[in-house]
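Undergrad: So I've got this file, query_26.cif, and it contains mmCIF, C-alpha atoms:
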data_model
#
loop_
_atom_site.label_atom_id
_atom_site.label_comp_id
_atom_site.auth_asym_id
_atom_site.auth_seq_id
_atom_site.Cartn_x
_atom_site.Cartn_y
_atom_site.Cartn_z
CA MET A 1 0.00 0.00 0.00
CA ALA A 2 1.12 3.50 -0.71
CA ASP A 3 2.19 5.72 2.16
CA SER A 4 -0.07 8.73 2.56
CA GLY A 5 2.85 10.94 3.59
CA GLY A 6 2.28 11.09 7.34
CA SER A 7 -0.03 10.35 10.17
CA PRO A 8 -3.72 11.20 9.93
CA ALA A 9 -3.31 13.74 12.74
CA ALA A 10 -0.57 15.55 10.83
CA ASN A 11 -2.73 15.60 7.70
CA PHE A 12 -5.64 17.02 9.72
CA PHE A 13 -3.50 19.80 11.17
CA GLU A 14 -2.14 20.68 7.74
CA LYS A 15 -5.69 20.90 6.38
CA LEU A 16 -6.72 22.90 9.44
CA LYS A 17 -3.88 25.40 8.99
CA ALA A 18 -4.79 25.81 5.33
CA TYR A 19 -8.51 26.20 6.06
CA VAL A 20 -8.02 28.74 8.86
CA ARG A 21 -6.33 30.99 6.31
CA THR A 22 -9.56 31.23 4.30
CA ARG A 23 -12.21 33.83 5.13
CA LYS A 24 -14.71 31.25 6.41
CA GLY A 25 -12.02 29.51 8.45
CA THR A 26 -10.98 32.81 10.01
CA ILE A 27 -14.57 33.65 10.91
CA LEU A 28 -15.18 30.21 12.48
CA THR A 29 -11.91 30.44 14.43
CA ALA A 30 -12.85 33.90 15.69
CA GLU A 31 -16.28 32.59 16.72
CA ILE A 32 -14.66 29.77 18.69
CA LEU A 33 -12.22 32.12 20.41
CA ILE A 34 -14.77 34.77 21.35
CA SER A 35 -17.17 32.09 22.59
CA PHE A 36 -14.37 30.74 24.79
CA ILE A 37 -13.67 34.23 26.17
CA ILE A 38 -17.38 34.72 26.89
CA LEU A 39 -17.49 31.32 28.57
CA ILE A 40 -14.66 32.33 30.88
CA CYS A 41 -16.33 35.67 31.69
CA TYR A 42 -19.71 34.12 32.47
CA ALA A 43 -18.13 31.29 34.49
CA ALA A 44 -16.27 33.86 36.63
CA SER A 45 -19.37 35.96 37.26
CA LEU A 46 -21.65 35.65 40.26
CA TYR A 47 -24.44 34.31 38.07
CA SER A 48 -23.05 31.74 35.63
CA GLY A 49 -26.36 30.74 34.04
CA TYR A 50 -25.46 32.14 30.64
CA THR A 51 -22.50 29.82 30.07
CA SER A 52 -24.72 27.39 28.17
CA VAL A 53 -25.10 29.83 25.27
CA ALA A 54 -21.33 30.19 24.93
CA ILE A 55 -20.76 26.44 25.27
CA CYS A 56 -23.36 25.52 22.64
CA GLU A 57 -22.19 28.12 20.12
CA MET A 58 -18.54 27.19 20.64
CA VAL A 59 -19.27 23.46 20.16
CA PHE A 60 -21.35 24.10 17.03
CA ALA A 61 -18.61 26.32 15.57
CA ILE A 62 -16.01 23.61 16.29
CA ILE A 63 -18.21 20.98 14.62
CA PHE A 64 -18.65 23.09 11.49
CA LEU A 65 -14.93 23.94 11.45
CA VAL A 66 -14.06 20.23 11.47
CA ILE A 67 -16.71 19.44 8.83
CA PHE A 68 -15.46 22.15 6.48
CA THR A 69 -11.78 21.41 7.17
CA MET A 70 -12.12 17.71 6.39
CA GLU A 71 -14.44 18.54 3.45
CA LEU A 72 -17.14 16.28 4.85
CA ASP A 73 -19.72 18.69 3.45
CA LYS A 74 -18.79 17.42 -0.02
CA GLN A 75 -19.15 13.77 1.03
CA PHE A 76 -22.46 14.02 2.93
CA GLN A 77 -24.70 15.88 0.53
CA VAL A 78 -27.93 14.79 2.20
CA ILE A 79 -27.68 17.86 4.43
CA SER A 80 -27.71 21.35 2.97
CA TRP A 81 -24.54 22.59 4.67
CA PRO A 82 -24.81 26.25 3.66
CA TRP A 83 -28.35 26.46 5.06
CA SER A 84 -27.36 24.56 8.22
CA ASP A 85 -24.44 26.92 8.74
CA PHE A 86 -26.69 29.92 8.05
CA ILE A 87 -29.25 28.80 10.64
CA ARG A 88 -26.44 28.19 13.16
CA ALA A 89 -25.01 31.66 12.62
CA VAL A 90 -28.39 33.44 12.79
CA ILE A 91 -29.38 31.62 15.99
CA GLY A 92 -25.95 32.37 17.48
CA ALA A 93 -26.25 36.06 16.64
CA LEU A 94 -29.73 36.30 18.16
CA LEU A 95 -28.84 34.36 21.31
CA TYR A 96 -25.69 36.37 21.93
CA LEU A 97 -27.45 39.69 21.38
CA ILE A 98 -30.35 38.78 23.69
CA THR A 99 -28.22 37.35 26.50
CA SER A 100 -25.71 40.19 26.25
CA ILE A 101 -28.39 42.85 26.59
CA ILE A 102 -29.84 41.01 29.58
CA CYS A 103 -26.39 40.72 31.19
CA LEU A 104 -25.56 44.38 30.56
CA ILE A 105 -28.87 45.60 31.98
CA GLY A 106 -28.91 43.38 35.07
CA GLY A 107 -25.20 42.94 35.74
CA GLY A 108 -24.56 45.93 37.98
CA GLY A 109 -21.62 45.27 40.30
CA ASP A 110 -20.65 42.04 38.55
CA GLY A 111 -17.62 42.88 36.42
CA PRO A 112 -17.19 39.52 34.66
CA ARG A 113 -20.87 39.48 33.73
CA ILE A 114 -20.57 42.98 32.22
CA ALA A 115 -17.42 41.90 30.34
CA GLY A 116 -19.23 38.81 29.09
CA GLY A 117 -22.08 41.02 27.92
CA VAL A 118 -19.72 43.32 26.02
CA PHE A 119 -17.92 40.38 24.40
CA GLY A 120 -21.35 38.88 23.71
CA LEU A 121 -22.36 41.97 21.75
CA LEU A 122 -19.16 41.63 19.72
CA ALA A 123 -19.93 37.95 19.19
CA GLY A 124 -23.46 38.85 18.06
CA VAL A 125 -21.99 41.18 15.45
CA LEU A 126 -19.47 38.51 14.37
CA PHE A 127 -22.15 35.83 14.07
CA GLY A 128 -24.34 38.33 12.20
CA TYR A 129 -21.52 39.02 9.77
CA ASP A 130 -21.04 35.28 9.31
CA SER A 131 -24.73 34.82 8.55
CA TYR A 132 -24.55 37.71 6.06
CA THR A 133 -21.61 36.14 4.21
CA ILE A 134 -23.34 32.76 4.17
CA TYR A 135 -26.55 34.34 2.86
CA MET A 136 -24.64 36.08 0.08
CA LEU A 137 -23.01 32.74 -0.79
CA ILE A 138 -26.39 31.00 -0.89
CA LYS A 139 -27.99 33.81 -2.86
CA GLY A 140 -25.19 34.17 -5.40
CA GLY A 141 -23.76 30.67 -5.50
CA ALA A 142 -26.87 28.67 -6.27
CA GLY A 143 -25.61 27.84 -9.73
CA HIS A 144 -27.87 30.32 -11.49
CA THR A 145 -26.55 32.38 -14.34
CA ALA A 146 -27.89 35.65 -15.57
CA ALA A 147 -30.43 35.46 -18.34
CA PRO A 148 -29.40 37.05 -21.62
CA THR A 149 -30.79 40.55 -21.99
CA ASP A 150 -30.50 40.91 -25.76
CA ASP A 151 -33.64 40.35 -27.77
CA GLY A 152 -31.93 37.99 -30.21
CA VAL A 153 -31.76 40.47 -33.07
#
Could you write out this structure as C-alpha cells?
TA:
Amino acid sequence: MADSGGSPAANFFEKLKAYVRTRKGTILTAEILISFIILICYAASLYSGYTSVAICEMVFAIIFLVIFTMELDKQFQVISWPWSDFIRAVIGALLYLITSIICLIGGGGDGPRIAGGVFGLLAGVLFGYDSYTIYMLIKGGAGHTAAPTDDGV
C-alpha cells in the first residue's frame, strides 16, 4: 500500500492550517475564540447561568470547522450545509445579542458578567456578519446564471 505521507493527525493539522487561512475559516476560528472568552467571563461571574449559550455556540462552531476542514460537506450531501451553517449563525447572533443585553442591563456590580455582555455583543456582530456572508453565498452561488438581456436580433 502507498504511504499517505504522514499520520492522519498531521494531515488534519495541515488541512486545518490551510482552512483557517480562508475567510470562512478565520470567521469560524474567531467565533470559537470569542465564545471561549465569553465562557470564561460568564463562568467567573456571580451568576453563571449564561454559560450554556457560549458552550453551545462554541461546540457548534467547532463541529462546522471540522466538517469544512475535512471537506465532509462534499461527502455528505444529504444535508444542505450552507443552510445549516446559516441557521447556526443566525441563531448564534440572536442568542448572543439577547443574552448580552440582559447581562448588561442586570449585571450591575458584577464585572465579569458585564465583560461577558460586552464580548457577547461583539460575538453577536461577528455571528451576524457570518450569517450575512453565508446568505450572500447562498444567494449568489446557487448555480444560477444571468439570463441574456438581448432580444436575439
Undergrad: I'd like to know which of A:Ala10, A:Leu72, A:Ile27, A:Leu46 is closest to Gly109 (chain A), using only C-alpha atoms.
TA: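 When distances to Gly109 (chain A) are compared using only C-alpha atoms, the smallest one comes from A:Leu46.
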Undergrad: Once the PyMOL selection byres ((chain A and resi 122-128) around 8) has been evaluated on this model, what residues remain selected, and can you format them as a count of residues only?
TA: 20
Undergrad: Quick one: pull the distance between CA of Gln75 (chain A) and CA of Leu33 (chain A), Å, one decimal.
TA: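 Taking CA of Gln75 (chain A) as the start and CA of Leu33 (chain A) as the end point, the length is 27.6 Å.
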Undergrad: From the list A:Phe36, A:Asp85, A:Ala115, A:Val66, which residue is nearest Ser52 (chain A) when using all atoms listed in the file?
TA: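 The shortest atom-to-atom distance to Ser52 (chain A) comes from A:Phe36.
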Undergrad: Just to confirm, what's the straight-line distance from CA of Tyr50 (chain A) to CA of Ile32 (chain A) in Å (one decimal)?
TA: 16.3 Å
